[in-house]
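Next up, coords31.cif (mmCIF, C-alpha atoms):
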```
data_final
#
loop_
_atom_site.group_PDB
_atom_site.id
_atom_site.type_symbol
_atom_site.label_atom_id
_atom_site.label_comp_id
_atom_site.auth_asym_id
_atom_site.auth_seq_id
_atom_site.Cartn_x
_atom_site.Cartn_y
_atom_site.Cartn_z
ATOM 1 C CA MET A 1 -77.294 65.891 280.514
ATOM 2 C CA GLY A 2 -76.690 66.907 284.155
ATOM 3 C CA LYS A 3 -79.266 68.088 286.671
ATOM 4 C CA LEU A 4 -78.321 71.758 286.144
ATOM 5 C CA GLU A 5 -78.700 71.502 282.369
ATOM 6 C CA LEU A 6 -82.037 69.707 282.717
ATOM 7 C CA ASN A 7 -83.265 72.451 285.046
ATOM 8 C CA LYS A 8 -82.209 75.159 282.552
ATOM 9 C CA LYS A 9 -83.912 73.301 279.717
ATOM 10 C CA ARG A 10 -87.114 72.934 281.778
ATOM 11 C CA LYS A 11 -87.172 76.661 282.622
ATOM 12 C CA LYS A 12 -86.537 77.703 279.034
ATOM 13 C CA SER A 13 -89.238 75.336 277.806
ATOM 14 C CA ALA A 14 -91.663 76.783 280.383
ATOM 15 C CA LEU A 15 -90.870 80.299 279.125
ATOM 16 C CA TYR A 16 -91.502 79.276 275.495
ATOM 17 C CA ASN A 17 -94.756 77.484 276.271
ATOM 18 C CA THR A 18 -96.065 80.271 278.495
ATOM 19 C CA ALA A 19 -95.091 83.056 276.098
ATOM 20 C CA PHE A 20 -96.797 81.260 273.203
ATOM 21 C CA GLU A 21 -99.955 80.734 275.274
ATOM 22 C CA LEU A 22 -100.072 84.388 276.360
ATOM 23 C CA PHE A 23 -99.216 85.819 272.939
ATOM 24 C CA THR A 24 -102.001 83.796 271.348
ATOM 25 C CA THR A 25 -104.625 84.542 274.010
ATOM 26 C CA LYS A 26 -103.848 88.046 275.326
ATOM 27 C CA GLY A 27 -101.863 89.308 272.353
ATOM 28 C CA LEU A 28 -98.288 90.540 272.178
ATOM 29 C CA ALA A 29 -99.113 94.144 273.119
ATOM 30 C CA LYS A 30 -100.969 93.155 276.294
ATOM 31 C CA THR A 31 -98.468 90.509 277.410
ATOM 32 C CA THR A 32 -95.688 91.702 279.724
ATOM 33 C CA ILE A 33 -92.486 89.955 280.707
ATOM 34 C CA SER A 34 -93.887 89.861 284.253
ATOM 35 C CA ASP A 35 -96.904 87.935 282.916
ATOM 36 C CA ILE A 36 -94.624 85.432 281.186
ATOM 37 C CA VAL A 37 -92.333 84.748 284.153
ATOM 38 C CA GLU A 38 -95.178 84.628 286.656
ATOM 39 C CA ASN A 39 -97.123 82.082 284.602
ATOM 40 C CA ALA A 40 -93.966 80.093 283.804
ATOM 41 C CA GLY A 41 -93.013 79.974 287.491
ATOM 42 C CA VAL A 42 -89.517 81.408 287.014
ATOM 43 C CA ALA A 43 -87.710 84.522 288.188
ATOM 44 C CA LYS A 44 -87.547 87.588 285.945
ATOM 45 C CA GLY A 45 -83.748 87.300 285.892
ATOM 46 C CA THR A 46 -84.115 83.862 284.310
ATOM 47 C CA PHE A 47 -86.030 85.395 281.406
ATOM 48 C CA TYR A 48 -83.165 87.824 280.740
ATOM 49 C CA LEU A 49 -80.613 84.986 280.767
ATOM 50 C CA TYR A 50 -82.170 83.774 277.525
ATOM 51 C CA PHE A 51 -83.969 86.705 275.911
ATOM 52 C CA LYS A 52 -83.493 90.461 275.531
ATOM 53 C CA ASN A 53 -87.214 91.235 275.520
ATOM 54 C CA LYS A 54 -90.632 89.807 274.637
ATOM 55 C CA TYR A 55 -90.085 90.543 270.944
ATOM 56 C CA GLU A 56 -87.061 88.289 270.832
ATOM 57 C CA ILE A 57 -88.917 85.358 272.396
ATOM 58 C CA ARG A 58 -91.792 85.995 269.950
ATOM 59 C CA ASP A 59 -89.367 85.956 267.004
ATOM 60 C CA ILE A 60 -87.701 82.754 268.187
ATOM 61 C CA LEU A 61 -91.100 81.137 268.682
ATOM 62 C CA ILE A 62 -92.100 82.028 265.106
ATOM 63 C CA VAL A 63 -88.912 80.393 263.817
ATOM 64 C CA LYS A 64 -89.288 77.326 266.047
ATOM 65 C CA LYS A 65 -92.954 76.794 265.173
ATOM 66 C CA THR A 66 -92.278 77.283 261.447
ATOM 67 C CA ARG A 67 -89.313 74.917 261.468
ATOM 68 C CA LYS A 68 -91.363 72.279 263.305
ATOM 69 C CA LEU A 69 -94.125 72.518 260.694
ATOM 70 C CA PHE A 70 -91.668 71.892 257.867
ATOM 71 C CA LYS A 71 -89.749 69.190 259.752
ATOM 72 C CA ASP A 72 -93.010 67.349 260.430
ATOM 73 C CA ALA A 73 -93.894 67.681 256.748
ATOM 74 C CA LEU A 74 -90.564 66.119 255.766
ATOM 75 C CA THR A 75 -91.087 63.304 258.258
ATOM 76 C CA ALA A 76 -94.506 62.620 256.705
ATOM 77 C CA LEU A 77 -92.926 62.755 253.230
ATOM 78 C CA ARG A 78 -90.447 60.021 254.181
ATOM 79 C CA LYS A 79 -93.389 57.712 254.983
ATOM 80 C CA ASN A 80 -94.726 58.118 251.432
ATOM 81 C CA TYR A 81 -92.969 57.064 248.254
ATOM 82 C CA ILE A 82 -92.988 60.158 246.060
ATOM 83 C CA GLU A 83 -90.351 60.208 243.368
ATOM 84 C CA SER A 84 -90.578 63.548 241.574
ATOM 85 C CA LEU A 85 -89.179 66.665 243.242
ATOM 86 C CA SER A 86 -92.214 68.740 242.236
ATOM 87 C CA ASP A 87 -94.574 66.216 243.809
ATOM 88 C CA GLN A 88 -92.421 66.099 246.940
ATOM 89 C CA VAL A 89 -92.542 69.890 247.306
ATOM 90 C CA ILE A 90 -96.308 69.924 246.692
ATOM 91 C CA PHE A 91 -96.740 67.205 249.343
ATOM 92 C CA ILE A 92 -94.770 69.325 251.864
ATOM 93 C CA VAL A 93 -96.758 72.453 250.999
ATOM 94 C CA ASN A 94 -100.100 70.635 251.327
ATOM 95 C CA TYR A 95 -99.024 69.166 254.670
ATOM 96 C CA VAL A 96 -98.096 72.624 256.006
ATOM 97 C CA ILE A 97 -101.330 74.170 254.690
ATOM 98 C CA ASP A 98 -103.441 71.408 256.229
ATOM 99 C CA GLU A 99 -101.712 71.807 259.607
ATOM 100 C CA LEU A 100 -102.257 75.576 259.544
ATOM 101 C CA GLU A 101 -105.894 75.061 258.663
ATOM 102 C CA LYS A 102 -106.253 72.702 261.664
ATOM 103 C CA ASN A 103 -104.378 75.093 263.954
ATOM 104 C CA GLN A 104 -105.528 78.593 263.031
ATOM 105 C CA THR A 105 -104.138 79.960 266.314
ATOM 106 C CA LEU A 106 -100.688 79.011 265.034
ATOM 107 C CA LEU A 107 -101.450 80.557 261.626
ATOM 108 C CA LYS A 108 -102.434 83.850 263.267
ATOM 109 C CA PHE A 109 -99.329 83.760 265.463
ATOM 110 C CA ILE A 110 -96.966 83.137 262.566
ATOM 111 C CA SER A 111 -99.033 85.635 260.577
ATOM 112 C CA LYS A 112 -97.304 86.301 257.287
ATOM 113 C CA ASN A 113 -93.833 85.368 258.565
ATOM 114 C CA LEU A 114 -93.657 81.808 257.248
ATOM 115 C CA SER A 115 -90.706 82.415 254.915
ATOM 116 C CA TRP A 116 -88.941 84.534 257.541
ATOM 117 C CA GLY A 117 -89.322 81.587 259.929
ATOM 118 C CA VAL A 118 -87.716 79.251 257.390
ATOM 119 C CA PHE A 119 -84.727 81.469 256.649
ATOM 120 C CA GLN A 120 -83.980 83.032 260.051
ATOM 121 C CA LYS A 121 -81.228 80.572 260.983
ATOM 122 C CA ALA A 122 -79.017 83.025 262.883
ATOM 123 C CA LEU A 123 -81.684 83.826 265.473
ATOM 124 C CA LEU A 124 -81.855 80.209 266.607
ATOM 125 C CA LEU A 125 -78.118 79.647 266.507
ATOM 126 C CA GLU A 126 -77.525 82.717 268.699
ATOM 127 C CA ASN A 127 -79.784 81.084 271.286
ATOM 128 C CA ASN A 128 -78.174 77.627 271.009
ATOM 129 C CA GLU A 129 -81.168 76.139 269.228
ATOM 130 C CA ASP A 130 -81.183 73.677 266.336
ATOM 131 C CA GLY A 131 -81.488 76.061 263.435
ATOM 132 C CA ASP A 132 -80.743 74.223 260.228
ATOM 133 C CA SER A 133 -82.233 70.724 260.024
ATOM 134 C CA PHE A 134 -85.128 71.614 257.667
ATOM 135 C CA TYR A 135 -82.834 73.734 255.524
ATOM 136 C CA GLN A 136 -80.308 70.882 255.218
ATOM 137 C CA ARG A 137 -83.027 68.399 254.363
ATOM 138 C CA TYR A 138 -84.370 70.723 251.659
ATOM 139 C CA TYR A 139 -80.937 70.722 249.997
ATOM 140 C CA LEU A 140 -80.803 66.942 250.358
ATOM 141 C CA LEU A 141 -84.110 66.686 248.458
ATOM 142 C CA LEU A 142 -82.618 68.814 245.674
ATOM 143 C CA ASP A 143 -79.473 66.664 245.542
ATOM 144 C CA GLN A 144 -81.499 63.451 245.429
ATOM 145 C CA SER A 145 -83.553 64.782 242.520
ATOM 146 C CA GLY A 146 -80.460 64.845 240.318
ATOM 147 C CA ARG A 147 -81.511 68.260 239.034
ATOM 148 C CA MET A 148 -79.587 71.517 239.229
ATOM 149 C CA PHE A 149 -81.096 74.874 240.146
ATOM 150 C CA ARG A 150 -79.906 78.433 239.601
ATOM 151 C CA ASN A 151 -80.775 79.704 243.072
ATOM 152 C CA PRO A 152 -82.226 77.113 245.488
ATOM 153 C CA ASP A 153 -82.686 79.696 248.267
ATOM 154 C CA LEU A 154 -84.686 81.982 245.988
ATOM 155 C CA MET A 155 -86.744 79.024 244.785
ATOM 156 C CA LEU A 156 -87.626 78.034 248.362
ATOM 157 C CA TYR A 157 -88.348 81.633 249.328
ATOM 158 C CA MET A 158 -90.679 82.177 246.356
ATOM 159 C CA ILE A 159 -92.602 78.965 247.034
ATOM 160 C CA VAL A 160 -93.028 79.607 250.766
ATOM 161 C CA GLU A 161 -93.919 83.289 250.281
ATOM 162 C CA PHE A 162 -96.438 82.472 247.582
ATOM 163 C CA VAL A 163 -98.075 79.777 249.700
ATOM 164 C CA ASN A 164 -98.118 81.991 252.794
ATOM 165 C CA SER A 165 -99.589 85.041 251.092
ATOM 166 C CA THR A 166 -102.288 83.155 249.212
ATOM 167 C CA CYS A 167 -103.346 80.749 251.977
ATOM 168 C CA HIS A 168 -103.533 83.182 254.900
ATOM 169 C CA SER A 169 -106.863 84.788 253.957
ATOM 170 C CA VAL A 170 -108.252 81.666 252.343
ATOM 171 C CA ILE A 171 -107.801 79.690 255.571
ATOM 172 C CA LEU A 172 -108.978 82.435 257.916
ATOM 173 C CA GLN A 173 -111.850 83.893 255.857
ATOM 174 C CA GLN A 174 -112.489 81.261 253.167
ATOM 175 C CA GLN A 175 -112.168 84.110 250.646
ATOM 176 C CA PRO A 176 -112.013 84.508 247.685
ATOM 177 C CA VAL A 177 -112.058 80.705 247.201
ATOM 178 C CA THR A 178 -111.937 77.584 249.337
ATOM 179 C CA LEU A 179 -108.667 75.915 250.230
ATOM 180 C CA GLU A 180 -109.581 72.913 248.090
ATOM 181 C CA GLU A 181 -110.086 75.217 245.081
ATOM 182 C CA LEU A 182 -106.774 76.954 245.774
ATOM 183 C CA LYS A 183 -104.584 73.852 246.193
ATOM 184 C CA PRO A 184 -104.457 72.763 242.503
ATOM 185 C CA GLU A 185 -103.625 76.329 241.460
ATOM 186 C CA LEU A 186 -100.847 76.459 244.059
ATOM 187 C CA ALA A 187 -99.497 73.168 242.749
ATOM 188 C CA GLY A 188 -99.348 74.558 239.206
ATOM 189 C CA VAL A 189 -97.492 77.712 240.282
ATOM 190 C CA ILE A 190 -95.048 75.678 242.406
ATOM 191 C CA CYS A 191 -94.258 73.474 239.393
ATOM 192 C CA ASP A 192 -93.682 76.621 237.312
ATOM 193 C CA ILE A 193 -91.320 78.108 239.919
ATOM 194 C CA ILE A 194 -89.313 74.860 240.077
ATOM 195 C CA HIS A 195 -89.245 74.594 236.278
ATOM 196 C CA ARG A 196 -88.063 78.198 235.854
ATOM 197 C CA GLN A 197 -85.255 77.715 238.384
ATOM 198 C CA GLU A 198 -83.973 74.496 236.874
ATOM 199 C CA ILE A 199 -80.729 74.556 234.908
ATOM 200 C CA ARG A 200 -81.212 72.417 231.799
#
```
Please re-express this file's structure in structure tokens.
Amino acid sequence: MGKLELNKKRKKSALYNTAFELFTTKGLAKTTISDIVENAGVAKGTFYLYFKNKYEIRDILIVKKTRKLFKDALTALRKNYIESLSDQVIFIVNYVIDELEKNQTLLKFISKNLSWGVFQKALLLENNEDGDSFYQRYYLLLDQSGRMFRNPDLMLYMIVEFVNSTCHSVILQQQPVTLEELKPELAGVICDIIHRQEIR
């Protein structure tokens, strides 16, 4: 990578980091593009080279942060020998939940867009970002299981949506149950979703 490309990458990274910091401290509504570029130490024109507006950088950040969560979960999975597909998926889900519990700022930022972050491949590809590694690895897990599924995308969507909608309030308000009480119930529903999607 040449000096020019490294400089572009550094500026874009500064914009991402600064935007995330401002969105999670000041809030999206109170954060301006001027705030982002000033704190990132770049010119306003540089912002518009990469993004149309603050909503686009927010959307890309949601996708990037979500993808990183799931990629990290898959990396952790590879360090553990777990044979069954259901147990593998439950391991990934528990990893993601635990990370969101540790980083509630990230949970609030992603809000209830976890599944959108997983499936919004086009947004990253339009911005020359790696947009499909988690998705590809999910399909690899399915292939390695030796099982066939009616609609793998629907299965993934249902699992992620269910986890996101049930864990959001439990993590943030510890209501109506604790996370430890919720996890076994989540595991049971995930197994049911996988079972229902399987072609036998």
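Residues lying within 12 Å of (-83.5, 86.8, 279.3). Counted over only C-alpha atoms, they are Lys11, Lys12, Leu15, Tyr16, Ile33, Ser34, Ile36, Val37, Val42, Ala43, Lys44, Gly45, Thr46, Phe47, Tyr48, Leu49, Tyr50, Phe51, Lys52, Asn53, Lys54, Tyr55, Glu56, Ile57 and Asn127 of chain A.
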Between CA of Gly41 (chain A) and CA of Thr18 (chain A), measure the distance and give it in Å to one decimal.
->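 CA of Thr18 (chain A) lies 9.5 Å from CA of Gly41 (chain A).
Omitting Glu181 (chain A) and its sequence neighbours fewer than 4 positions away, and counting all atoms listed in the file, the residues within 12 Å are Thr166, Cys167, Val170, Ile171, Gln174, Gln175, Pro176, Val177, Glu185, Leu186 and Ala187 of chain A.
Here the PyMOL selection byres ((chain A and resi 63) around 8) catches exactly these residues: Asp59, Ile60, Leu61, Ile62, Lys64, Lys65, Thr66, Arg67, Trp116, Gly117, Val118, Gln120 and Leu124 of chain A.
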Which neighbours of Leu28 (chain A) fall inside 9 Å, counting only C-alpha atoms, when residues of the same chain fewer than 3 positions from it are skipped, and could you give them as a list of chain:residue names?
-> A:Leu22, A:Phe23, A:Thr24, A:Thr25, A:Thr31, A:Thr32, A:Lys54, A:Tyr55, A:Arg58
Between A:Asn113, A:Lys108, A:Gly146, A:Lys183, which is the closest to Tyr95 (chain A) once you count all atoms listed in the file?
-> A:Lys183
For Leu182 (chain A), which residue among A:Thr105, A:Asn39, A:Asn94, A:Ser111 is the nearest when counting all atoms listed in the file?
-> A:Asn94
Separation of CA of Gln197 (chain A) from CA of Met155 (chain A), in Å and rounded to one decimal =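 Pair CA of Gln197 (chain A) / CA of Met155 (chain A) returns 6.7 Å.
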Spatial neighbours of Asp87 (chain A), 10 Å, all atoms listed in the file, chain gap at least 5 places, as a ChimeraX atom specification = /A:82,92-93,187,190-191
Record the distance separating CA of Glu5 (chain A) and CA of Glu38 (chain A), expressed in Å with one decimal.
->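 Straight-line distance from CA of Glu5 (chain A) to CA of Glu38 (chain A) works out to 21.5 Å.
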Hits from the PyMOL selection byres ((chain A and resi 73) around 9), listed as a list in words |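 For this structure, the PyMOL selection byres ((chain A and resi 73) around 9) captures Lys68, Leu69, Phe70, Lys71, Asp72, Leu74, Thr75, Ala76, Leu77, Arg78, Phe91, Ile92, Val93, Asn94, Tyr95 and Val96 of chain A.
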Excluding Ser145 (chain A) and any residue of its chain fewer than 5 positions from it, enumerate the residues within 9 Å of it, using all atoms listed in the file, and give them as a PyMOL selection string.
-> chain A and resi 83-85+140
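Shortest atom-to-atom contact with Tyr135 (chain A) among A:Ala40, A:Leu156, A:Ile90, A:Ile194: A:Leu156, counting all atoms listed in the file.
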